[in-house]
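Note sheet for the following structure.
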Amino acid sequence: MSPSAIEVAVLSVPTEPRRLAVVTGASSGIGAQTVVALTATGMEVHAVARRADRLDALAEATGCIAHVLDVRDTAGLDALLAPIAVDVLVNNAGLGRAMGSLTDATYDDVERTISTNVAAVLHACRSVLGGMIERRRGHIVNMGSMAGLYPLSAALYGASKGAVHRLSTNLRLELRGTGVRVTEICPGRVSSEFYDVAIDDPADRAMAQDSGIEEITATDVADAIVYAVTAPTRVNVNRIELQPTEQTYGGSQFVATRGVDG
Ligand SMILES: NC(=O)c1ccc[n+]([C@@H]2O[C@H](COP(=O)([O-])OP(=O)(O)OC[C@H]3O[C@@H](n4cnc5c(N)ncnc54)[C@H](OP(=O)(O)O)[C@@H]3O)[C@@H](O)[C@H]2O)c1
């Protein structure tokens, strides 16, 4: 690069205000790595989760601003989001329960999954959209899953992430002409604390955790989020699907139902 090219590059540093991002579910896994990655781009990042000790460590490491909050606390979420000019909202907080069978799900499993993975995402969007539309800029990034797009023996979790998928497609349509972007991130198996929360029985949990493959990392997913968020504003990255090379979805199964009494 010639010296004059360097001078041009320095002079073209954007004069826009520093962009502000909020990441929910920031205390571990994908959310924590997304905070690391977004702060590295120079954004002011607000990190939301319930575990204060984890958030404090993240704030120490990245300079993010920590907010100890349960995303199901709708009033608390609105009190946090509505007054600040959010440019990027990463709706990442989520969990899986009754991963193998809806038949085994408790009432609480259903309530907890839907209130966290779906209702809180809708409420967070409600809190920021008015301001984004007014400022004619903003970006909603929703954490979906391959389980929301393809059949998987996880009816409850799939229902919640399927809802996130349709929320994302329909919100993008509703927001046409506003300048506000909507991206859905759909990972397959990611190495994280997901199964610590999903499965209570230690033996079953250990079995589920041991996929036997090279899983994708939280950093891989965070990189995908950064790609979508830092794309030129003329580009809306609609959906990113990413899965381990050693994992695949789809296909059909043949299972006979005869044999017991037929
Ligand atoms: N791991 C996978 O294979 C995979 C695949 C596809 C999609 N995903 C999705 O990716 C997202 C992140 O999961 P992960 O894999 O990174 O798992 P993780 O390490 O367990 O992270 C989940 C995060 O969500 C937060 N969270 C859960 N309930 C919350 C609540 N009520 N209020 C505030 N924060 C809450 C947790 O923080 P606190 O407990 O501190 O509140 C934690 O920071 C989830 O939406 C998950 O469904 C994961």
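Identifiers in this document derive from the order of the structure tokens: chains are assigned A, B, ..., residues are numbered from 1 separately in each chain, and ligands are numbered from 1 in order of occurrence.
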Could you please extract the residues within 8 Å of ligand 1, counting only C-alpha atoms and all ligand atoms, and hand them back as number ranges by chain?
A: 24-32, 48-52, 54-55, 68-72, 91-96, 112, 116-117, 143-147, 157, 161, 186-197, 218
Next, dump the selected residues to file, keeping only C-alpha atoms, as a short mmCIF file (atom, residue, chain, number, x, y, z; two decimals), in the first residue's frame.
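After the write, selection04.cif holds the following:
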```cif
data_model
loop_
_atom_site.label_atom_id
_atom_site.label_comp_id
_atom_site.auth_asym_id
_atom_site.auth_seq_id
_atom_site.Cartn_x
_atom_site.Cartn_y
_atom_site.Cartn_z
CA THR A 24 -28.73 -11.26 25.92
CA GLY A 25 -27.54 -14.56 27.38
CA ALA A 26 -24.06 -13.10 27.59
CA SER A 27 -22.72 -14.97 30.61
CA SER A 28 -21.52 -18.07 28.71
CA GLY A 29 -21.23 -19.80 25.36
CA ILE A 30 -22.29 -18.02 22.20
CA GLY A 31 -23.44 -14.88 24.01
CA ALA A 32 -20.17 -14.36 25.88
CA VAL A 48 -27.39 -9.24 29.83
CA ALA A 49 -27.74 -12.46 31.86
CA ARG A 50 -28.54 -13.67 35.39
CA ARG A 51 -25.11 -14.85 36.61
CA ALA A 52 -23.44 -11.72 37.98
CA ARG A 54 -19.74 -14.39 34.92
CA LEU A 55 -20.81 -10.97 33.68
CA VAL A 68 -27.85 -8.73 35.73
CA LEU A 69 -31.34 -9.47 34.51
CA ASP A 70 -33.68 -12.36 33.78
CA VAL A 71 -34.98 -11.74 30.25
CA ARG A 72 -38.38 -13.06 31.40
CA ASN A 91 -31.50 -12.00 21.17
CA ASN A 92 -29.35 -14.93 22.23
CA ALA A 93 -30.56 -15.97 25.71
CA GLY A 94 -32.11 -19.39 25.47
CA LEU A 95 -32.20 -22.95 26.63
CA GLY A 96 -33.37 -26.42 25.79
CA ARG A 112 -39.51 -21.88 30.87
CA THR A 116 -37.23 -17.46 27.49
CA ASN A 117 -36.76 -18.53 23.86
CA MET A 143 -30.56 -16.76 17.77
CA GLY A 144 -32.46 -19.52 16.04
CA SER A 145 -31.26 -23.07 15.58
CA MET A 146 -31.09 -25.77 12.96
CA ALA A 147 -33.75 -27.33 15.21
CA TYR A 157 -37.08 -26.85 21.61
CA LYS A 161 -36.79 -22.03 17.60
CA CYS A 186 -29.10 -20.98 12.97
CA PRO A 187 -26.34 -23.10 14.45
CA GLY A 188 -26.19 -26.86 14.64
CA ARG A 189 -24.28 -28.45 17.49
CA VAL A 190 -22.18 -25.87 19.36
CA SER A 191 -19.81 -26.70 22.19
CA SER A 192 -21.22 -24.77 25.18
CA GLU A 193 -22.97 -25.17 28.54
CA PHE A 194 -26.27 -25.81 26.75
CA TYR A 195 -26.59 -29.43 27.93
CA ASP A 196 -25.69 -28.52 31.55
CA VAL A 197 -29.03 -26.73 31.61
CA ALA A 218 -19.12 -20.34 20.28
#
```
Based on the backbone DSSP call, show me all residues of region 55-249 of chain A assigned helix (DSSP H, G or I), as an MDAnalysis selection string.
chainID A and resid 55:62 74:81 102:104 107:135 146:148 155:174 194:198 202:209 218:230
Using only C-alpha atoms, can you tell me which of A:Ile65, A:Val237, A:Ile133, A:Val36 comes closest to Gly177 (chain A)?
A:Ile133
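For Ser168 (chain A), the residues within 12 Å (counting only C-alpha atoms, excluding itself and residues fewer than 4 positions away along the chain) are Asn91, Val118, Val121, Leu122, Cys125, His139, Ile140, Val141, Asn142, Met143, Gly144, Gly148, Lys161, Gly162, Ala163, Val164, Arg172, Leu173, Glu174, Leu175, Arg181, Val182, Thr183, Glu184, Ile185, Cys186, Val237, Asn238 and Arg239 of chain A.
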Give me every strand (DSSP E or B) residue in region 91-259 of chain A, going by DSSP on the backbone, as a ChimeraX atom specification.
/A:91,138-143,180-187,190-191,216-217,239-242
Restricted to N, CA and C atoms, what would the selected residues look like written as a CSV table (one decimal), in the first residue's frame?
```csv
chain,number,residue,atom,x,y,z
A,91,ASN,N,-30.6,-11.2,20.3
A,91,ASN,CA,-31.5,-12.0,21.2
A,91,ASN,C,-31.0,-13.4,21.2
A,138,GLY,N,-30.9,0.2,12.6
A,138,GLY,CA,-30.9,-0.8,13.7
A,138,GLY,C,-30.8,-2.2,13.1
A,139,HIS,N,-30.5,-3.1,14.0
A,139,HIS,CA,-30.3,-4.5,13.5
A,139,HIS,C,-30.7,-5.5,14.6
A,140,ILE,N,-31.7,-6.3,14.3
A,140,ILE,CA,-32.1,-7.4,15.3
A,140,ILE,C,-31.5,-8.7,14.8
A,141,VAL,N,-30.7,-9.3,15.7
A,141,VAL,CA,-30.1,-10.6,15.4
A,141,VAL,C,-30.8,-11.6,16.4
A,142,ASN,N,-31.5,-12.5,15.8
A,142,ASN,CA,-32.2,-13.6,16.6
A,142,ASN,C,-31.4,-14.9,16.5
A,143,MET,N,-31.2,-15.5,17.7
A,143,MET,CA,-30.6,-16.8,17.8
A,143,MET,C,-31.6,-17.9,17.6
A,180,VAL,N,-34.2,-0.9,9.1
A,180,VAL,CA,-33.9,-1.8,10.2
A,180,VAL,C,-33.7,-3.2,9.6
A,181,ARG,N,-32.6,-3.8,10.0
A,181,ARG,CA,-32.3,-5.2,9.5
A,181,ARG,C,-32.6,-6.3,10.5
A,182,VAL,N,-32.9,-7.4,9.9
A,182,VAL,CA,-33.2,-8.6,10.8
A,182,VAL,C,-32.4,-9.8,10.3
A,183,THR,N,-31.7,-10.4,11.2
A,183,THR,CA,-30.9,-11.6,10.8
A,183,THR,C,-31.2,-12.7,11.8
A,184,GLU,N,-31.3,-13.9,11.2
A,184,GLU,CA,-31.5,-15.1,12.0
A,184,GLU,C,-30.2,-16.0,11.9
A,185,ILE,N,-29.7,-16.4,13.1
A,185,ILE,CA,-28.5,-17.2,13.1
A,185,ILE,C,-28.9,-18.6,13.5
A,186,CYS,N,-28.6,-19.6,12.7
A,186,CYS,CA,-29.1,-21.0,13.0
A,186,CYS,C,-27.9,-21.9,13.1
A,187,PRO,N,-27.4,-22.1,14.3
A,187,PRO,CA,-26.3,-23.1,14.5
A,187,PRO,C,-26.9,-24.5,14.6
A,190,VAL,N,-23.2,-26.8,18.9
A,190,VAL,CA,-22.2,-25.9,19.4
A,190,VAL,C,-21.7,-26.4,20.7
A,191,SER,N,-20.4,-26.3,20.9
A,191,SER,CA,-19.8,-26.7,22.2
A,191,SER,C,-20.1,-25.6,23.2
A,216,ILE,N,-18.9,-27.3,16.4
A,216,ILE,CA,-18.5,-25.9,16.2
A,216,ILE,C,-18.4,-25.1,17.5
A,217,THR,N,-17.6,-24.1,17.5
A,217,THR,CA,-17.4,-23.3,18.8
A,217,THR,C,-18.3,-22.1,18.9
A,239,ARG,N,-30.3,-15.0,6.9
A,239,ARG,CA,-30.1,-16.1,7.8
A,239,ARG,C,-28.8,-16.8,7.5
A,240,ILE,N,-28.2,-17.2,8.6
A,240,ILE,CA,-26.9,-18.0,8.5
A,240,ILE,C,-27.1,-19.3,9.1
A,241,GLU,N,-27.0,-20.4,8.4
A,241,GLU,CA,-27.0,-21.7,8.9
A,241,GLU,C,-25.6,-22.2,9.1
A,242,LEU,N,-25.2,-22.7,10.2
A,242,LEU,CA,-23.8,-23.3,10.3
A,242,LEU,C,-23.9,-24.5,11.2
```
If you measure from CA of Leu171 (chain A) to CA of Ala66 (chain A), what distance in Å do you get, rounded to one decimal?
27.8 Å
